[in-house]
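Structure first, then comments.
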Amino acid sequence: QKSVLDKESAATVERESMQRQIRELRDVVVSLQGRKKQEDQSAEEEMRERMSRVERERDEERERVLDLQVQHQQALECTAKLQGELQDARRESDAAESERVVQLERELETERDRARQAATAEKHLRAQMEEMNSARQAEERGLRKAESEAELMQ
């Protein structure tokens, strides 16, 4: 009978020990899940901030491109106007007008230079926007991959 009691007592001690270990493991799992959730939230917030920054930068680039397009258009319109004036001045060319022709030719060349510069700057900004777009898309792919990996880890 004493042997049976000893066995029961040992079984009870073992059962309590296992239950304690199970509780400890559950606590560890809950703690890890909480930490993972916090890390996921932090990563998600960081990604939202990055995406917001990228959107702002892209909007700023669009604004610059639009400004350059306006400048380019204005330079083209001014060039067309000056070409018209130059043709008029050439038709009326007499001694007094020849000076005006030279001045208009200089102005025309200046406006042509401005138009070329605006077009070059616009082209450069468009290339930068394409680079930013590519970088943003790569970052989004990286985020999706990280999210997939995080889901697989769960």
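Ordered as shown in the structure tokens, chains take letters A, B, and onward, while each chain numbers its residues from 1 and ligands are numbered from 1 in the order shown.
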Per residue of stretch 22-124 of chain A within 8 Å of stretch 130-152 of chain A, record the nearest atom pair and its distance in Å to one decimal, counting only C-alpha atoms, with rows in chain order and ascending residue number, as JSON lines.
```
{"residue": "A:Met47", "atom": "CA", "partner": "A:Leu143", "partner_atom": "CA", "distance": 7.6}
{"residue": "A:Met51", "atom": "CA", "partner": "A:Arg136", "partner_atom": "CA", "distance": 7.8}
{"residue": "A:Val54", "atom": "CA", "partner": "A:Arg136", "partner_atom": "CA", "distance": 6.9}
{"residue": "A:Arg58", "atom": "CA", "partner": "A:Met132", "partner_atom": "CA", "distance": 7.4}
```
- Close residues, stretch 70-77 of chain A itself excluded, 7 Å, only C-alpha atoms, min 2 positions apart in chain, as a list in words: Leu66, Asp67, Leu68, Thr79, Ala80, Lys81, Glu111, Arg114, Ala115, Ala118 and Ala119 of chain A
- Task: Could you tell me how far atom CA of A:Gln69 lies from atom CA of A:Asp88, in Å and to one decimal?
- Result: 28.6 Å
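Take the candidates A:Glu16, A:Leu82, A:Glu49, A:Arg64 and check each one against A:Leu108 using only C-alpha atoms; the shortest distance goes to A:Leu82.
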- To one decimal place, how far is atom CA of A:Glu57 from atom CA of A:Ala127 in Å? 14.0 Å
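In this structure, atom CA of A:Glu122 sits 24.3 Å away from atom CA of A:Arg106.
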